[in-house]
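Data file: work.pdb. Format and content: PDB, C-alpha atoms, pLDDT in the B column.
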```
ATOM      1  CA  MET J  12     -13.061 -19.252  -4.346  1.00 44.00           C
ATOM      2  CA  GLU J  13     -16.751 -18.648  -4.977  1.00 46.00           C
ATOM      3  CA  GLU J  14     -16.941 -16.048  -2.195  1.00 52.00           C
ATOM      4  CA  GLN J  15     -13.846 -14.296  -3.516  1.00 55.00           C
ATOM      5  CA  TRP J  16     -15.185 -13.928  -7.038  1.00 77.00           C
ATOM      6  CA  LEU J  17     -18.613 -12.960  -5.731  1.00 81.00           C
ATOM      7  CA  LEU J  18     -17.127 -10.011  -3.841  1.00 84.00           C
ATOM      8  CA  LYS J  19     -15.140  -8.862  -6.863  1.00 87.00           C
ATOM      9  CA  ALA J  20     -18.130  -9.292  -9.167  1.00 89.00           C
ATOM     10  CA  LYS J  21     -20.328  -7.136  -6.908  1.00 91.00           C
ATOM     11  CA  PHE J  22     -17.700  -4.406  -6.768  1.00 93.00           C
ATOM     12  CA  VAL J  23     -17.066  -4.375 -10.519  1.00 94.00           C
ATOM     13  CA  ALA J  24     -20.763  -4.555 -11.434  1.00 95.00           C
ATOM     14  CA  PHE J  25     -21.737  -1.694  -9.126  1.00 96.00           C
ATOM     15  CA  ASN J  26     -18.943   0.634 -10.180  1.00 96.00           C
ATOM     16  CA  LEU J  27     -19.332  -0.130 -13.874  1.00 97.00           C
ATOM     17  CA  THR J  28     -23.053   0.601 -13.660  1.00 97.00           C
ATOM     18  CA  ILE J  29     -22.504   3.973 -11.993  1.00 96.00           C
ATOM     19  CA  SER J  30     -19.673   4.783 -14.419  1.00 96.00           C
ATOM     20  CA  ALA J  31     -21.932   4.020 -17.381  1.00 97.00           C
ATOM     21  CA  PHE J  32     -24.604   6.304 -15.933  1.00 95.00           C
ATOM     22  CA  VAL J  33     -22.055   9.107 -15.512  1.00 95.00           C
ATOM     23  CA  PHE J  34     -20.877   8.604 -19.103  1.00 95.00           C
ATOM     24  CA  VAL J  35     -24.442   8.932 -20.356  1.00 95.00           C
ATOM     25  CA  LEU J  36     -24.812  12.204 -18.461  1.00 93.00           C
ATOM     26  CA  TYR J  37     -21.560  13.447 -19.957  1.00 92.00           C
ATOM     27  CA  ALA J  38     -22.566  12.413 -23.477  1.00 93.00           C
ATOM     28  CA  GLN J  39     -25.855  14.295 -23.106  1.00 92.00           C
ATOM     29  CA  GLY J  40     -23.948  17.418 -22.076  1.00 89.00           C
ATOM     30  CA  TRP J  41     -25.444  17.583 -18.600  1.00 88.00           C
ATOM     31  CA  LEU J  42     -22.024  17.689 -16.953  1.00 90.00           C
ATOM     32  CA  ASP J  43     -20.645  20.579 -18.987  1.00 88.00           C
ATOM     33  CA  ARG J  44     -21.483  23.092 -16.282  1.00 85.00           C
ATOM     34  CA  VAL J  45     -19.298  21.354 -13.717  1.00 89.00           C
ATOM     35  CA  LEU J  46     -16.348  21.189 -16.109  1.00 89.00           C
ATOM     36  CA  THR J  47     -16.102  24.869 -17.054  1.00 86.00           C
ATOM     37  CA  GLY J  48     -15.677  28.113 -15.149  1.00 82.00           C
ATOM     38  CA  HIS J  49     -14.932  28.441 -11.452  1.00 81.00           C
ATOM     39  CA  ILE J  50     -16.610  25.157 -10.609  1.00 88.00           C
ATOM     40  CA  ALA J  51     -14.002  23.276 -12.691  1.00 91.00           C
ATOM     41  CA  VAL J  52     -11.418  23.836  -9.941  1.00 90.00           C
ATOM     42  CA  ALA J  53     -13.706  22.342  -7.288  1.00 90.00           C
ATOM     43  CA  THR J  54     -14.578  19.490  -9.662  1.00 93.00           C
ATOM     44  CA  ALA J  55     -10.895  18.653 -10.162  1.00 94.00           C
ATOM     45  CA  ILE J  56     -10.139  18.609  -6.416  1.00 94.00           C
ATOM     46  CA  ILE J  57     -13.196  16.550  -5.514  1.00 95.00           C
ATOM     47  CA  GLY J  58     -12.573  14.201  -8.448  1.00 95.00           C
ATOM     48  CA  ILE J  59      -8.972  13.520  -7.428  1.00 96.00           C
ATOM     49  CA  VAL J  60     -10.003  12.677  -3.866  1.00 96.00           C
ATOM     50  CA  PHE J  61     -12.735  10.368  -5.178  1.00 97.00           C
ATOM     51  CA  ILE J  62     -10.363   8.541  -7.547  1.00 97.00           C
ATOM     52  CA  VAL J  63      -7.932   7.956  -4.684  1.00 96.00           C
ATOM     53  CA  GLY J  64     -10.763   6.459  -2.640  1.00 95.00           C
ATOM     54  CA  LEU J  65     -11.918   4.303  -5.558  1.00 96.00           C
ATOM     55  CA  VAL J  66      -8.434   2.887  -6.098  1.00 96.00           C
ATOM     56  CA  MET J  67      -8.099   2.127  -2.386  1.00 94.00           C
ATOM     57  CA  SER J  68     -11.505   0.428  -2.404  1.00 94.00           C
ATOM     58  CA  ALA J  69     -10.506  -1.773  -5.346  1.00 94.00           C
ATOM     59  CA  TYR J  70      -7.261  -2.724  -3.609  1.00 93.00           C
ATOM     60  CA  ARG J  71      -9.039  -3.674  -0.390  1.00 90.00           C
ATOM     61  CA  VAL J  72     -11.655  -5.695  -2.314  1.00 90.00           C
ATOM     62  CA  TRP J  73      -8.908  -7.758  -3.940  1.00 88.00           C
ATOM     63  CA  LYS J  74      -7.071  -8.236  -0.641  1.00 86.00           C
ATOM     64  CA  ILE J  75     -10.169  -9.222   1.332  1.00 85.00           C
ATOM     65  CA  GLY J  76     -11.230 -11.549  -1.477  1.00 80.00           C
ATOM     66  CA  GLY J  77      -7.856 -13.280  -1.247  1.00 78.00           C
ATOM     67  CA  GLU J  78      -8.135 -13.599   2.537  1.00 78.00           C
ATOM     68  CA  LEU J  79     -11.621 -15.083   2.171  1.00 76.00           C
ATOM     69  CA  ASP J  80     -10.277 -17.664  -0.241  1.00 71.00           C
ATOM     70  CA  LYS J  81      -7.387 -18.570   2.077  1.00 72.00           C
ATOM     71  CA  ALA J  82      -9.687 -18.747   5.099  1.00 69.00           C
ATOM     72  CA  LYS J  83     -11.965 -21.204   3.297  1.00 69.00           C
ATOM     73  CA  LEU J  84      -8.925 -23.403   2.686  1.00 68.00           C
ATOM     74  CA  GLY J  85      -7.939 -23.206   6.357  1.00 63.00           C
ATOM     75  CA  GLY J  86      -4.875 -21.003   5.831  1.00 61.00           C
ATOM     76  CA  GLY J  87      -3.879 -17.368   5.698  1.00 57.00           C
ATOM     77  CA  ARG J  88      -1.997 -15.115   8.074  1.00 55.00           C
ATOM     78  CA  LEU J  89      -5.130 -14.099   9.958  1.00 53.00           C
ATOM     79  CA  MET J  90      -5.904 -17.654  11.009  1.00 53.00           C
ATOM     80  CA  LYS J  91      -3.277 -17.351  13.752  1.00 56.00           C
ATOM     81  CA  VAL J  92      -5.085 -14.509  15.569  1.00 55.00           C
ATOM     82  CA  GLU J  93      -6.312 -15.719  18.952  1.00 56.00           C
ATOM     83  CA  SER J  94      -8.323 -12.756  20.277  1.00 62.00           C
ATOM     84  CA  GLU J  95     -11.685 -12.127  18.640  1.00 63.00           C
ATOM     85  CA  ARG J  96     -11.635  -8.445  19.523  1.00 66.00           C
ATOM     86  CA  ALA J  97      -8.096  -8.036  18.191  1.00 67.00           C
ATOM     87  CA  LEU J  98      -9.092  -9.728  14.954  1.00 68.00           C
ATOM     88  CA  GLU J  99     -12.117  -7.466  14.537  1.00 69.00           C
ATOM     89  CA  ILE J 100     -10.083  -4.312  15.187  1.00 73.00           C
ATOM     90  CA  ARG J 101      -7.344  -5.455  12.853  1.00 74.00           C
ATOM     91  CA  LEU J 102      -9.694  -6.192   9.963  1.00 77.00           C
ATOM     92  CA  PHE J 103     -11.925  -3.146  10.215  1.00 81.00           C
ATOM     93  CA  SER J 104      -9.000  -0.762  10.724  1.00 82.00           C
ATOM     94  CA  ARG J 105      -7.864  -1.627   7.205  1.00 81.00           C
ATOM     95  CA  ILE J 106     -10.947  -0.023   5.672  1.00 88.00           C
ATOM     96  CA  SER J 107     -11.409   2.850   8.123  1.00 87.00           C
ATOM     97  CA  HIS J 108      -9.534   5.263   5.848  1.00 89.00           C
ATOM     98  CA  LEU J 109     -12.290   4.907   3.256  1.00 92.00           C
ATOM     99  CA  GLN J 110     -14.733   6.399   5.753  1.00 91.00           C
ATOM    100  CA  HIS J 111     -12.414   9.388   6.100  1.00 94.00           C
ATOM    101  CA  ILE J 112     -12.323   9.808   2.329  1.00 95.00           C
ATOM    102  CA  ALA J 113     -16.127   9.700   2.132  1.00 94.00           C
ATOM    103  CA  ASN J 114     -16.344  12.312   4.866  1.00 94.00           C
ATOM    104  CA  ALA J 115     -13.738  14.427   3.066  1.00 95.00           C
ATOM    105  CA  LEU J 116     -15.818  14.380  -0.116  1.00 95.00           C
ATOM    106  CA  GLY J 117     -18.839  15.658   1.768  1.00 93.00           C
ATOM    107  CA  MET J 118     -16.781  18.369   3.441  1.00 95.00           C
ATOM    108  CA  LEU J 119     -15.257  19.426   0.115  1.00 94.00           C
ATOM    109  CA  GLY J 120     -18.778  19.840  -1.242  1.00 92.00           C
ATOM    110  CA  LEU J 121     -19.642  22.115   1.665  1.00 92.00           C
ATOM    111  CA  ILE J 122     -16.423  24.068   1.160  1.00 93.00           C
ATOM    112  CA  GLY J 123     -17.383  24.502  -2.485  1.00 89.00           C
ATOM    113  CA  THR J 124     -20.735  25.867  -1.331  1.00 89.00           C
ATOM    114  CA  ALA J 125     -19.035  28.489   0.835  1.00 90.00           C
ATOM    115  CA  TRP J 126     -16.635  29.285  -1.990  1.00 89.00           C
ATOM    116  CA  GLY J 127     -19.506  29.890  -4.398  1.00 85.00           C
ATOM    117  CA  PHE J 128     -21.177  32.348  -2.037  1.00 84.00           C
ATOM    118  CA  SER J 129     -17.839  34.071  -1.463  1.00 85.00           C
ATOM    119  CA  LEU J 130     -17.445  34.573  -5.224  1.00 79.00           C
ATOM    120  CA  PHE J 131     -20.814  36.288  -5.297  1.00 75.00           C
ATOM    121  CA  ALA J 132     -20.093  38.433  -2.257  1.00 75.00           C
ATOM    122  CA  ALA J 133     -16.609  39.445  -3.423  1.00 74.00           C
ATOM    123  CA  ASN J 134     -17.851  40.738  -6.795  1.00 70.00           C
ATOM    124  CA  ILE J 135     -20.724  42.786  -5.425  1.00 72.00           C
ATOM    125  CA  THR J 136     -19.828  46.368  -4.523  1.00 69.00           C
ATOM    126  CA  PRO J 137     -21.986  49.072  -2.905  1.00 68.00           C
ATOM    127  CA  ASP J 138     -21.996  51.002  -6.193  1.00 68.00           C
ATOM    128  CA  MET J 139     -23.526  48.041  -8.020  1.00 66.00           C
ATOM    129  CA  VAL J 140     -26.292  47.721  -5.458  1.00 65.00           C
ATOM    130  CA  GLY J 141     -27.342  51.368  -5.811  1.00 67.00           C
ATOM    131  CA  ASN J 142     -26.958  51.522  -9.591  1.00 67.00           C
ATOM    132  CA  ALA J 143     -29.852  50.225 -11.660  1.00 64.00           C
ATOM    133  CA  ALA J 144     -27.670  49.992 -14.766  1.00 68.00           C
ATOM    134  CA  SER J 145     -25.496  47.343 -13.126  1.00 67.00           C
ATOM    135  CA  ALA J 146     -28.424  45.139 -12.192  1.00 67.00           C
ATOM    136  CA  GLY J 147     -27.736  42.784 -15.082  1.00 71.00           C
ATOM    137  CA  ALA J 148     -24.084  42.313 -14.093  1.00 72.00           C
ATOM    138  CA  MET J 149     -25.105  41.750 -10.484  1.00 73.00           C
ATOM    139  CA  VAL J 150     -27.610  39.069 -11.473  1.00 74.00           C
ATOM    140  CA  THR J 151     -24.960  37.370 -13.611  1.00 76.00           C
ATOM    141  CA  THR J 152     -22.514  37.401 -10.715  1.00 75.00           C
ATOM    142  CA  LEU J 153     -25.200  36.033  -8.405  1.00 77.00           C
ATOM    143  CA  ALA J 154     -26.054  33.226 -10.807  1.00 78.00           C
ATOM    144  CA  SER J 155     -22.388  32.323 -11.225  1.00 79.00           C
ATOM    145  CA  GLY J 156     -21.769  32.150  -7.483  1.00 81.00           C
ATOM    146  CA  LEU J 157     -24.931  30.185  -6.790  1.00 86.00           C
ATOM    147  CA  GLY J 158     -24.030  27.784  -9.602  1.00 83.00           C
ATOM    148  CA  VAL J 159     -20.649  27.056  -8.053  1.00 87.00           C
ATOM    149  CA  ALA J 160     -22.256  26.549  -4.625  1.00 88.00           C
ATOM    150  CA  ILE J 161     -25.008  24.241  -5.855  1.00 91.00           C
ATOM    151  CA  TYR J 162     -22.900  22.142  -8.228  1.00 92.00           C
ATOM    152  CA  ALA J 163     -20.087  21.703  -5.706  1.00 92.00           C
ATOM    153  CA  THR J 164     -22.566  20.494  -3.098  1.00 93.00           C
ATOM    154  CA  MET J 165     -24.207  18.063  -5.530  1.00 94.00           C
ATOM    155  CA  LEU J 166     -20.872  16.733  -6.796  1.00 94.00           C
ATOM    156  CA  GLY J 167     -19.410  16.231  -3.333  1.00 95.00           C
ATOM    157  CA  GLY J 168     -22.583  14.582  -2.045  1.00 95.00           C
ATOM    158  CA  ALA J 169     -22.908  12.238  -5.034  1.00 95.00           C
ATOM    159  CA  LEU J 170     -19.292  11.062  -4.876  1.00 96.00           C
ATOM    160  CA  CYS J 171     -19.546  10.723  -1.094  1.00 96.00           C
ATOM    161  CA  LEU J 172     -22.551   8.428  -1.571  1.00 96.00           C
ATOM    162  CA  TRP J 173     -20.658   6.420  -4.215  1.00 96.00           C
ATOM    163  CA  THR J 174     -17.687   5.936  -1.897  1.00 96.00           C
ATOM    164  CA  THR J 175     -19.970   5.030   1.013  1.00 96.00           C
ATOM    165  CA  CYS J 176     -21.615   2.280  -1.056  1.00 95.00           C
ATOM    166  CA  ASN J 177     -18.193   0.766  -1.788  1.00 95.00           C
ATOM    167  CA  LEU J 178     -17.367   1.055   1.902  1.00 93.00           C
ATOM    168  CA  GLN J 179     -20.550  -0.795   2.881  1.00 93.00           C
ATOM    169  CA  LEU J 180     -19.647  -3.582   0.459  1.00 92.00           C
ATOM    170  CA  LEU J 181     -16.240  -3.865   2.085  1.00 92.00           C
ATOM    171  CA  ARG J 182     -17.743  -3.827   5.576  1.00 90.00           C
ATOM    172  CA  GLY J 183     -20.003  -6.753   4.720  1.00 88.00           C
ATOM    173  CA  ALA J 184     -17.110  -8.734   3.255  1.00 86.00           C
ATOM    174  CA  THR J 185     -14.892  -7.929   6.250  1.00 86.00           C
ATOM    175  CA  ALA J 186     -17.598  -9.077   8.671  1.00 85.00           C
ATOM    176  CA  SER J 187     -17.960 -12.330   6.715  1.00 83.00           C
ATOM    177  CA  LEU J 188     -14.197 -12.862   6.812  1.00 81.00           C
ATOM    178  CA  CYS J 189     -14.063 -12.213  10.555  1.00 80.00           C
ATOM    179  CA  ALA J 190     -16.923 -14.631  11.227  1.00 80.00           C
ATOM    180  CA  LEU J 191     -15.367 -17.298   8.996  1.00 78.00           C
ATOM    181  CA  ILE J 192     -12.002 -17.087  10.739  1.00 76.00           C
ATOM    182  CA  MET J 193     -13.492 -17.212  14.229  1.00 77.00           C
ATOM    183  CA  ASP J 194     -15.771 -20.129  13.352  1.00 75.00           C
ATOM    184  CA  GLU J 195     -12.763 -22.025  12.051  1.00 72.00           C
ATOM    185  CA  ALA J 196     -10.788 -21.162  15.186  1.00 68.00           C
ATOM    186  CA  HIS J 197     -13.599 -22.394  17.461  1.00 69.00           C
ATOM    187  CA  ALA J 198     -13.915 -25.590  15.443  1.00 71.00           C
ATOM    188  CA  ARG J 199     -10.191 -26.239  15.801  1.00 68.00           C
ATOM    189  CA  SER J 200     -10.277 -25.566  19.545  1.00 71.00           C
ATOM    190  CA  ARG J 201     -13.053 -28.123  20.003  1.00 75.00           C
ATOM    191  CA  LEU J 202     -11.177 -30.782  18.047  1.00 74.00           C
ATOM    192  CA  ALA J 203      -7.751 -30.162  19.610  1.00 62.00           C
ATOM    193  CA  PRO J 204      -6.914 -31.964  22.917  1.00 54.00           C
ATOM    194  CA  ARG J 205      -7.129 -29.740  25.927  1.00 52.00           C
ATOM    195  CA  ALA J 206      -3.742 -28.716  27.275  1.00 47.00           C
ATOM    196  CA  GLY J 207      -3.063 -29.294  30.961  1.00 48.00           C
ATOM    197  CA  THR J 208      -5.532 -32.135  31.362  1.00 45.00           C
ATOM    198  CA  PRO J 209      -4.044 -34.643  33.853  1.00 46.00           C
ATOM    199  CA  ASP J 210      -3.616 -38.201  32.691  1.00 44.00           C
ATOM    200  CA  PHE J 211      -5.296 -40.527  35.179  1.00 38.00           C
ATOM    201  CA  ALA J 212      -3.788 -44.006  35.191  1.00 42.00           C
ATOM    202  CA  VAL J 213      -6.179 -46.901  35.190  1.00 39.00           C
ATOM    203  CA  PRO J 214      -5.800 -48.737  38.541  1.00 43.00           C
ATOM    204  CA  GLN J 215      -4.595 -52.280  38.174  1.00 44.00           C
ATOM    205  CA  ALA J 216      -6.362 -55.138  39.910  1.00 43.00           C
ATOM    206  CA  ALA J 217      -4.629 -56.484  43.030  1.00 46.00           C
ATOM    207  CA  PRO J 218      -3.194 -59.946  42.749  1.00 48.00           C
ATOM    208  CA  TYR J 219      -5.355 -62.761  44.046  1.00 40.00           C
ATOM    209  CA  GLY J 220      -2.826 -63.743  46.684  1.00 46.00           C
ATOM    210  CA  ALA J 221      -2.729 -60.280  48.156  1.00 45.00           C
ATOM    211  CA  LEU J 222      -6.468 -60.395  48.688  1.00 39.00           C
ATOM    212  CA  ARG J 223      -6.029 -63.606  50.746  1.00 45.00           C
ATOM    213  CA  GLY J 224      -3.220 -62.099  52.817  1.00 49.00           C
ATOM    214  CA  GLU J 225      -0.500 -64.207  51.230  1.00 48.00           C
ATOM    215  CA  ALA J 226       2.869 -62.744  50.303  1.00 47.00           C
ATOM    216  CA  THR J 227       3.319 -62.058  46.652  1.00 45.00           C
ATOM    217  CA  PRO J 228       6.627 -62.667  44.918  1.00 46.00           C
TER     218      PRO J 228
END
```
In structure tokens, what does this structure look like?
Amino acid sequence: MEEQWLLKAKFVAFNLTISAFVFVLYAQGWLDRVLTGHIAVATAIIGIVFIVGLVMSAYRVWKIGGELDKAKLGGGRLMKVESERALEIRLFSRISHLQHIANALGMLGLIGTAWGFSLFAANITPDMVGNAASAGAMVTTLASGLGVAIYATMLGGALCLWTTCNLQLLRGATASLCALIMDEAHARSRLAPRAGTPDFAVPQAAPYGALRGEATP
């Protein structure tokens, strides 16, 4: 039970700390630029993907915590797995989708970067380049496109790092669960009688008369 609550406490403490830091940034107005304008669309998409990953991480933390508790008591469905490699694949495959979500967040940040540069390139015409009077509008368009590119990259990278930290926490707990189950399985195999061992009967002593050559009744 201690291991189960320790895993949950680590997860909750880490995510609450980062959430409090994000709230402070929002209260200071430092996140206003990612919530308005063209970047707001990228922020919404990246934020939805991150929330999905966070919910999945919380679910896996609670499930792995329960399996740790059952394994310590000598029970659980996974205690019946005989192959070590099969057990390892089975456990780690349950959290592999979180790695895909972390990678998706990083890729969405890069897509936002390309989108920001495309906004700048799409709004610049040859007439604006050769006209000195439109220099101010061109600079504004450039700043807007670069802002989308930079903020999308920063947002995707930050949320990718957040998700990766939760994934590393789950990997450590999964490795502990796998080791605990296999140690328990090896301990049981050492204590259990070996199947197929022939039973050798203890030879009985020959009667005294038979040793003297006399007939025995």
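In terms of minimum interatomic distance to Leu181 in chain J, J:Ile106 ranks closest within J:Ile106, J:Leu116, J:Ile122, J:Ala55, counting all atoms listed in the file.
Note that the spacing between CA of Tyr37 in chain J and CA of Val23 in chain J amounts to 20.7 Å.
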Practice problem: Expand the PyMOL selection byres ((chain J and resi 39-50) around 8) into the individual residues it matches in the shown file, reporting them as a list in words. | Solution: Val35, Leu36, Tyr37, Ala38, Ala51, Val52, Ala53, Thr54, Gly158, Val159, Tyr162 and Ala163 of chain J
Self-check item: Which of J:Leu18, J:Leu130, J:Ala115, J:Leu65 sits closest to Ser187 in chain J [using all atoms listed in the file]
Solution: J:Leu18
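CA of Lys74 in chain J lies 11.1 Å from CA of Leu102 in chain J.
Between CA of Val66 in chain J and CA of Ala169 in chain J the separation is 17.3 Å.
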Residue by residue, what does the PyMOL selection byres ((chain J and resi 63) around 12) grab here? Present the result as a PDB file with C-alpha atoms, in the frame of the given file.
```pdb
ATOM      1  CA  ILE J  56     -10.139  18.609  -6.416  1.00 94.00           C
ATOM      2  CA  ILE J  57     -13.196  16.550  -5.514  1.00 95.00           C
ATOM      3  CA  GLY J  58     -12.573  14.201  -8.448  1.00 95.00           C
ATOM      4  CA  ILE J  59      -8.972  13.520  -7.428  1.00 96.00           C
ATOM      5  CA  VAL J  60     -10.003  12.677  -3.866  1.00 96.00           C
ATOM      6  CA  PHE J  61     -12.735  10.368  -5.178  1.00 97.00           C
ATOM      7  CA  ILE J  62     -10.363   8.541  -7.547  1.00 97.00           C
ATOM      8  CA  GLY J  64     -10.763   6.459  -2.640  1.00 95.00           C
ATOM      9  CA  LEU J  65     -11.918   4.303  -5.558  1.00 96.00           C
ATOM     10  CA  VAL J  66      -8.434   2.887  -6.098  1.00 96.00           C
ATOM     11  CA  MET J  67      -8.099   2.127  -2.386  1.00 94.00           C
ATOM     12  CA  SER J  68     -11.505   0.428  -2.404  1.00 94.00           C
ATOM     13  CA  ALA J  69     -10.506  -1.773  -5.346  1.00 94.00           C
ATOM     14  CA  TYR J  70      -7.261  -2.724  -3.609  1.00 93.00           C
ATOM     15  CA  HIS J 108      -9.534   5.263   5.848  1.00 89.00           C
ATOM     16  CA  LEU J 109     -12.290   4.907   3.256  1.00 92.00           C
ATOM     17  CA  HIS J 111     -12.414   9.388   6.100  1.00 94.00           C
ATOM     18  CA  ILE J 112     -12.323   9.808   2.329  1.00 95.00           C
ATOM     19  CA  ALA J 113     -16.127   9.700   2.132  1.00 94.00           C
ATOM     20  CA  ALA J 115     -13.738  14.427   3.066  1.00 95.00           C
ATOM     21  CA  LEU J 116     -15.818  14.380  -0.116  1.00 95.00           C
ATOM     22  CA  LEU J 170     -19.292  11.062  -4.876  1.00 96.00           C
ATOM     23  CA  THR J 174     -17.687   5.936  -1.897  1.00 96.00           C
TER      24      THR J 174
END
```
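Remark: for Thr164 in chain J, the closest of the candidate residues J:Phe128, J:Trp73, J:Phe25, J:Phe103 is J:Phe128 (distances computed over all atoms listed in the file).
The nearest approach to Ile161 in chain J among the residues J:Thr185, J:Ser200, J:Asn134, J:Thr124, with all atoms listed in the file taken into account, belongs to J:Thr124.
When only C-alpha atoms are used to measure the gap to Ile135 in chain J, the shortest distance among J:Gly120, J:Met165, J:Thr151, J:Ile29 belongs to J:Thr151.
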